[in-house]
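Enquirer: What follows is a structure written as structure tokens; I'll ask about it next.
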Amino acid sequence: MNGSNAPADVPARYGALLPLLGADPEVIDFFVGVADLDATDPADQELEDGIRLASGARLEQFARAGSGDAFCFVGEGGEERPVVYVSLDGEAGLLALGLQELVRLCLVAPWWRDAPGRPAGELQAVADDYREDMPDLDQRRDRAARALGLDPAGLPSEAAALTRLVELSLGPVAAACLVIEYDGDPLDPLFVSTPS
């Protein structure tokens with residue numbers, strides 16, 4: 001499926017998203033320029049020395065943020081693997097169960113990093129600020145979603161995506177995705193409270 005020709009009502013195929021995140025111009029425009037997720041060269045991604053999972057499972061970086069923070073798959077398999085975020089500030093946490101869930105989160109709430117611990121009113125202010133700085137945000141999101149074969153109307157709401165993010169980050173899968181440093185100390189959690 002070619003991302004630029006993908007019909008909006010055809011769901012993204014298993015294993016097809018990562019190549020599109022780094023190849024389709026509409027997708028790159030949104031994910032690099034708006035969501036701060038750069039997967040244009042996944043083979044060239046490398047985690048900081050000593051960063052690993054406490055379980056001993058594989059931690060595979062596939063994208064980075066502009067700051068150098070890492071988006072990583074957990075374990076063996078394809079795009080269905082859990083995705084953790086590892087920040088250079090010493091924080092890490094589970095973001096999604098699979099790349100498709102991460103893509104949906106980034107499409108509807110590209111400002112997700114600012115969500116932890118904020119009440120609903122503050123979250124709306126963050127979203128409003130993002131839209132004020134980027135008045136064409138919704139159009140760019142819709143073009144990227146269609147290029148990925150996703151129907152923009154079928155995306156979750158911002159609130160639903162953020163609720164899911166917090167649930168995942170505090171749930172049992174997150175405990176299995178604990179990221180530690182070279183000395184064995186766990187990195188600080190990304191999320192410690194639920195937005196209300």
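Simple scheme: letters A, B, ... for chains in structure tokens order, numbers from 1 for residues in each chain, numbers from 1 for ligands in the order shown.
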Do you know which residues are at most 9 Å from Asp29 of chain A counting only C-alpha atoms, after dropping those on the same chain fewer than 5 positions away, and could you put them as a ChimeraX atom specification?
Expert: /A:24,34,140,144
Enquirer: For the residues in the current selection, export N, CA, C and O atoms as a short mmCIF file (atom, residue, chain, number, x, y, z; two decimals), in the first residue's frame.
Expert:
```cif
data_model
loop_
_atom_site.label_atom_id
_atom_site.label_comp_id
_atom_site.auth_asym_id
_atom_site.auth_seq_id
_atom_site.Cartn_x
_atom_site.Cartn_y
_atom_site.Cartn_z
N ASP A 24 6.69 8.99 3.46
CA ASP A 24 5.63 9.78 2.85
C ASP A 24 5.75 11.25 3.29
O ASP A 24 5.79 11.54 4.49
N VAL A 34 5.24 18.30 13.67
CA VAL A 34 4.18 18.57 14.64
C VAL A 34 4.32 17.68 15.88
O VAL A 34 4.33 18.16 17.00
N ARG A 140 -3.24 19.29 8.69
CA ARG A 140 -2.02 18.50 8.59
C ARG A 140 -2.23 17.11 9.16
O ARG A 140 -1.76 16.11 8.61
N ALA A 144 -1.98 13.57 7.04
CA ALA A 144 -1.09 12.50 7.49
C ALA A 144 -1.87 11.21 7.74
O ALA A 144 -1.43 10.13 7.35
#
```
Enquirer: Grab the atom CA of Leu94 of chain A to atom CA of Leu168 of chain A distance for me, in Å with one decimal place.
Expert: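 The value is 6.6 Å.
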Enquirer: Pick out the closest residue to Ala115 of chain A from this set: A:Glu76, A:Glu158, A:Asp188, A:Asp38. Count only C-alpha atoms.
Expert: A:Glu158
Enquirer: Can you work out which one of A:Arg113, A:Ala145, A:Leu97, A:Ile180 has the shortest atom-to-atom distance to Glu167 of chain A, counting only C-alpha atoms?
Expert: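 Nearest candidate to Glu167 of chain A out of A:Arg113, A:Ala145, A:Leu97, A:Ile180: A:Leu97.
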Enquirer: Rounded to one decimal, what separation in Å do you get between atom CA of Thr163 of chain A and atom CA of Gly56 of chain A?
Expert: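 Atom-to-atom, atom CA of Thr163 of chain A to atom CA of Gly56 of chain A, that is 28.6 Å.
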Enquirer: Excluding segment 47-53 of chain A and its own-chain neighbours fewer than 2 positions away, which residues fall within 6 Å of it when counting only C-alpha atoms? Please give them as a list in words.
Expert: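 Final neighbour list, sorted by chain and number: Ser55, Gly56, Leu178, Val179, Ile180, Glu181 and Tyr182 of chain A.
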Enquirer: Report the residues of chain A whose backbone DSSP state falls under alpha helix (DSSP H), written as number ranges by chain.
Expert: A: 17-21, 25-33, 99-108, 120-133, 137-147, 158-170, 172-176
Enquirer: From the options A:Val103, A:Ala127, A:Ala70, A:Leu190, which residue's atoms come nearest to Glu46 of chain A, counting only C-alpha atoms?
Expert: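 The answer is A:Ala70, which sits nearest to Glu46 of chain A.
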Enquirer: If we count only C-alpha atoms and set the cut-off at 12 Å, which residues sit around Pro82 of chain A, ignoring sequence neighbours fewer than 2 positions away in its own chain? Please answer as a short mmCIF file (atom, residue, chain, number, x, y, z; two decimals) with N, CA, C and O atoms, in the first residue's frame.
Expert:
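Writing done, so here's result_11.cif:
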```
data_model
loop_
_atom_site.label_atom_id
_atom_site.label_comp_id
_atom_site.auth_asym_id
_atom_site.auth_seq_id
_atom_site.Cartn_x
_atom_site.Cartn_y
_atom_site.Cartn_z
N ALA A 57 14.39 -8.16 28.19
CA ALA A 57 13.83 -8.21 26.84
C ALA A 57 14.51 -7.15 25.96
O ALA A 57 15.13 -6.20 26.46
N ARG A 58 14.39 -7.32 24.70
CA ARG A 58 14.99 -6.41 23.72
C ARG A 58 14.33 -5.04 23.79
O ARG A 58 13.11 -4.92 23.94
N LEU A 59 15.13 -3.98 23.67
CA LEU A 59 14.65 -2.61 23.60
C LEU A 59 15.24 -2.03 22.31
O LEU A 59 16.44 -1.83 22.21
N GLU A 60 14.38 -1.80 21.32
CA GLU A 60 14.82 -1.41 19.98
C GLU A 60 14.32 -0.01 19.62
O GLU A 60 13.12 0.18 19.40
N GLN A 61 15.22 0.95 19.55
CA GLN A 61 14.83 2.30 19.16
C GLN A 61 14.49 2.33 17.67
O GLN A 61 15.23 1.80 16.85
N PHE A 71 12.02 6.68 20.94
CA PHE A 71 10.83 5.84 20.85
C PHE A 71 11.33 4.44 20.56
O PHE A 71 12.07 4.22 19.59
N CYS A 72 10.94 3.45 21.40
CA CYS A 72 11.50 2.11 21.30
C CYS A 72 10.40 1.04 21.32
O CYS A 72 9.44 1.14 22.07
N PHE A 73 10.64 -0.01 20.54
CA PHE A 73 9.82 -1.21 20.63
C PHE A 73 10.37 -2.09 21.75
O PHE A 73 11.58 -2.14 21.98
N VAL A 74 9.48 -2.84 22.40
CA VAL A 74 9.85 -3.76 23.47
C VAL A 74 9.70 -5.18 22.97
O VAL A 74 8.66 -5.54 22.40
N GLY A 75 10.73 -6.00 23.19
CA GLY A 75 10.66 -7.41 22.87
C GLY A 75 10.89 -7.70 21.41
O GLY A 75 11.45 -6.90 20.66
N GLU A 76 10.46 -8.88 21.00
CA GLU A 76 10.63 -9.36 19.63
C GLU A 76 9.31 -9.25 18.89
O GLU A 76 8.24 -9.32 19.49
N GLY A 77 9.39 -9.10 17.58
CA GLY A 77 8.18 -9.04 16.76
C GLY A 77 8.20 -7.85 15.83
O GLY A 77 9.25 -7.34 15.47
N GLY A 78 7.01 -7.40 15.49
CA GLY A 78 6.85 -6.30 14.55
C GLY A 78 6.26 -5.08 15.21
O GLY A 78 6.51 -4.79 16.39
N GLU A 79 5.45 -4.38 14.46
CA GLU A 79 4.88 -3.12 14.91
C GLU A 79 3.82 -3.27 15.99
O GLU A 79 3.36 -2.28 16.55
N GLU A 80 3.44 -4.49 16.31
CA GLU A 80 2.44 -4.74 17.36
C GLU A 80 3.06 -4.70 18.75
O GLU A 80 2.36 -4.72 19.75
N VAL A 84 7.82 2.15 24.19
CA VAL A 84 8.20 2.97 25.33
C VAL A 84 8.95 4.20 24.83
O VAL A 84 9.55 4.19 23.76
N TYR A 85 8.87 5.24 25.64
CA TYR A 85 9.57 6.50 25.37
C TYR A 85 10.66 6.63 26.42
O TYR A 85 10.41 6.46 27.61
N GLY A 93 8.71 5.49 29.91
CA GLY A 93 7.39 4.93 30.16
C GLY A 93 6.74 4.37 28.92
O GLY A 93 7.09 4.72 27.80
N LEU A 94 5.79 3.49 29.17
CA LEU A 94 5.00 2.88 28.11
C LEU A 94 4.06 3.91 27.51
O LEU A 94 3.36 4.62 28.23
N LEU A 95 4.04 3.99 26.17
CA LEU A 95 3.14 4.91 25.47
C LEU A 95 1.99 4.22 24.78
O LEU A 95 0.90 4.78 24.67
N ALA A 96 2.24 3.02 24.25
CA ALA A 96 1.23 2.39 23.40
C ALA A 96 1.49 0.90 23.29
O ALA A 96 2.62 0.44 23.47
N LEU A 97 0.43 0.18 22.99
CA LEU A 97 0.56 -1.25 22.66
C LEU A 97 0.55 -1.36 21.14
O LEU A 97 -0.48 -1.58 20.52
N GLY A 98 1.69 -1.10 20.56
CA GLY A 98 1.84 -1.17 19.12
C GLY A 98 1.99 0.19 18.47
O GLY A 98 1.56 1.21 19.02
N LEU A 99 2.60 0.17 17.31
CA LEU A 99 2.87 1.42 16.59
C LEU A 99 1.58 2.10 16.15
O LEU A 99 1.50 3.33 16.18
N GLN A 100 0.57 1.33 15.78
CA GLN A 100 -0.67 1.96 15.34
C GLN A 100 -1.30 2.79 16.47
O GLN A 100 -1.78 3.90 16.24
N GLU A 101 -1.26 2.29 17.70
CA GLU A 101 -1.79 3.05 18.83
C GLU A 101 -0.96 4.31 19.08
O GLU A 101 -1.51 5.38 19.35
N LEU A 102 0.35 4.22 18.95
CA LEU A 102 1.21 5.40 19.10
C LEU A 102 0.90 6.43 18.02
O LEU A 102 0.80 7.63 18.30
N LEU A 168 -2.34 2.98 30.38
CA LEU A 168 -1.25 2.09 30.00
C LEU A 168 -0.01 2.34 30.85
O LEU A 168 0.64 1.40 31.29
N SER A 169 0.31 3.61 31.05
CA SER A 169 1.56 3.94 31.74
C SER A 169 1.55 3.51 33.20
O SER A 169 2.61 3.37 33.81
N VAL A 173 1.29 -3.86 31.98
CA VAL A 173 2.25 -3.95 30.87
C VAL A 173 3.39 -2.98 31.10
O VAL A 173 4.55 -3.28 30.82
N ALA A 174 3.07 -1.81 31.66
CA ALA A 174 4.12 -0.82 31.95
C ALA A 174 5.15 -1.39 32.93
O ALA A 174 6.35 -1.15 32.79
N ALA A 175 4.68 -2.15 33.91
CA ALA A 175 5.61 -2.74 34.88
C ALA A 175 6.57 -3.71 34.18
O ALA A 175 7.75 -3.80 34.56
N ALA A 176 6.11 -4.39 33.15
CA ALA A 176 6.96 -5.32 32.40
C ALA A 176 7.90 -4.58 31.45
O ALA A 176 8.81 -5.19 30.88
N CYS A 177 7.67 -3.29 31.27
CA CYS A 177 8.48 -2.48 30.35
C CYS A 177 9.36 -1.48 31.11
O CYS A 177 9.70 -0.42 30.59
N LEU A 178 9.72 -1.83 32.34
CA LEU A 178 10.54 -0.95 33.16
C LEU A 178 11.92 -0.77 32.53
O LEU A 178 12.63 -1.74 32.27
#
```
Enquirer: Extract the full set of strand (DSSP E) residues from segment 26-192 of chain A according to DSSP on the backbone, and format it as a list of chain:residue names.
Expert: A:Arg52, A:Leu53, A:Leu59, A:Glu60, A:Gln61, A:Phe62, A:Ala63, A:Arg64, A:Ala70, A:Phe71, A:Cys72, A:Phe73, A:Val74, A:Pro82, A:Val83, A:Val84, A:Tyr85, A:Val86, A:Glu91, A:Ala92, A:Gly93, A:Leu94, A:Leu95, A:Ala96, A:Leu97, A:Val179, A:Ile180, A:Asp188, A:Pro189
Enquirer: Restricting the calculation to only C-alpha atoms: of A:Glu26, A:Asp133, A:Asp185, A:Glu91, which residue gets closest to Ala147 of chain A?
Expert: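 Of A:Glu26, A:Asp133, A:Asp185, A:Glu91, the one nearest Ala147 of chain A, counting only C-alpha atoms, is A:Glu26.
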Enquirer: Would you please work out which residue, of A:Val32, A:Ala153, A:Leu187, A:Cys106, is nearest to Arg64 of chain A when using only C-alpha atoms?
Expert: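 Answer, going by the shortest atom-to-atom distance: A:Val32.
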Enquirer: Mind giving me the straight-line distance from atom CA of Asp69 of chain A to atom CA of Val27 of chain A in Å, one decimal?
Expert: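 Value for the atom CA of Asp69 of chain A-atom CA of Val27 of chain A distance: 19.7 Å.
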Enquirer: What lies within 9 Å of Asp41 of chain A using only C-alpha atoms, ignoring chain neighbours under 5 positions off, as a PDB file with C-alpha atoms, in the first residue's frame?
Expert:
```pdb
ATOM      1  CA  GLY A  22       9.880   7.814   7.216  1.00  0.00           C
ATOM      2  CA  PHE A  62      12.961   3.092  15.932  1.00  0.00           C
ATOM      3  CA  ALA A  63      12.484   6.869  16.129  1.00  0.00           C
TER       4      ALA A  63
END
```
Enquirer: Within 10 Å of Asp142 of chain A, counting only C-alpha atoms, which residues qualify if same-chain residues fewer than 6 places away don't, as a list in words?
Expert: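 The residues that qualify are Ala8, Glu26, Val27, Phe30, Leu107, Val108, Leu148, Leu150, Asp151, Pro152, Ala153 and Leu155 of chain A.
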Enquirer: For Trp112 of chain A, list every protein, DNA or RNA residue within 9 Å, evaluated using only C-alpha atoms, and leave out those in the same chain fewer than 5 positions away; present the list as a ChimeraX atom specification.
Expert: /A:35,105-106,162,165
Enquirer: Take the residues from that selection and put them in a file with all heavy atoms, as a PDB file, in the first residue's frame.
Expert:
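Output file selection-v4.pdb follows:
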```
ATOM      1  N   ALA A  35       4.412  16.382  15.672  1.00  0.00           N
ATOM      2  CA  ALA A  35       4.414  15.427  16.790  1.00  0.00           C
ATOM      3  C   ALA A  35       5.806  15.141  17.348  1.00  0.00           C
ATOM      4  O   ALA A  35       5.934  14.433  18.347  1.00  0.00           O
ATOM      5  CB  ALA A  35       3.751  14.122  16.355  1.00  0.00           C
ATOM      6  N   LEU A 105      -2.258   8.244  18.902  1.00  0.00           N
ATOM      7  CA  LEU A 105      -2.009   9.195  19.981  1.00  0.00           C
ATOM      8  C   LEU A 105      -1.356  10.462  19.433  1.00  0.00           C
ATOM      9  O   LEU A 105      -1.785  11.579  19.730  1.00  0.00           O
ATOM     10  CB  LEU A 105      -1.105   8.561  21.051  1.00  0.00           C
ATOM     11  CG  LEU A 105      -0.544   9.520  22.103  1.00  0.00           C
ATOM     12  CD1 LEU A 105      -1.649  10.080  22.992  1.00  0.00           C
ATOM     13  CD2 LEU A 105       0.531   8.817  22.934  1.00  0.00           C
ATOM     14  N   CYS A 106      -0.330  10.296  18.635  1.00  0.00           N
ATOM     15  CA  CYS A 106       0.395  11.453  18.089  1.00  0.00           C
ATOM     16  C   CYS A 106      -0.467  12.266  17.131  1.00  0.00           C
ATOM     17  O   CYS A 106      -0.325  13.489  17.062  1.00  0.00           O
ATOM     18  CB  CYS A 106       1.670  10.999  17.391  1.00  0.00           C
ATOM     19  SG  CYS A 106       2.933  10.401  18.533  1.00  0.00           S
ATOM     20  N   LEU A 162      -5.569  10.382  25.655  1.00  0.00           N
ATOM     21  CA  LEU A 162      -4.792  10.694  26.857  1.00  0.00           C
ATOM     22  C   LEU A 162      -5.173   9.794  28.028  1.00  0.00           C
ATOM     23  O   LEU A 162      -4.306   9.373  28.801  1.00  0.00           O
ATOM     24  CB  LEU A 162      -4.956  12.162  27.231  1.00  0.00           C
ATOM     25  CG  LEU A 162      -4.318  13.143  26.236  1.00  0.00           C
ATOM     26  CD1 LEU A 162      -4.708  14.568  26.596  1.00  0.00           C
ATOM     27  CD2 LEU A 162      -2.818  12.980  26.185  1.00  0.00           C
ATOM     28  N   LEU A 165      -3.442   6.581  27.397  1.00  0.00           N
ATOM     29  CA  LEU A 165      -2.011   6.743  27.659  1.00  0.00           C
ATOM     30  C   LEU A 165      -1.714   6.611  29.151  1.00  0.00           C
ATOM     31  O   LEU A 165      -0.800   5.875  29.551  1.00  0.00           O
ATOM     32  CB  LEU A 165      -1.544   8.102  27.137  1.00  0.00           C
ATOM     33  CG  LEU A 165      -0.117   8.516  27.448  1.00  0.00           C
ATOM     34  CD1 LEU A 165       0.884   7.565  26.808  1.00  0.00           C
ATOM     35  CD2 LEU A 165       0.122   9.941  26.971  1.00  0.00           C
TER      36      LEU A 165
END
```
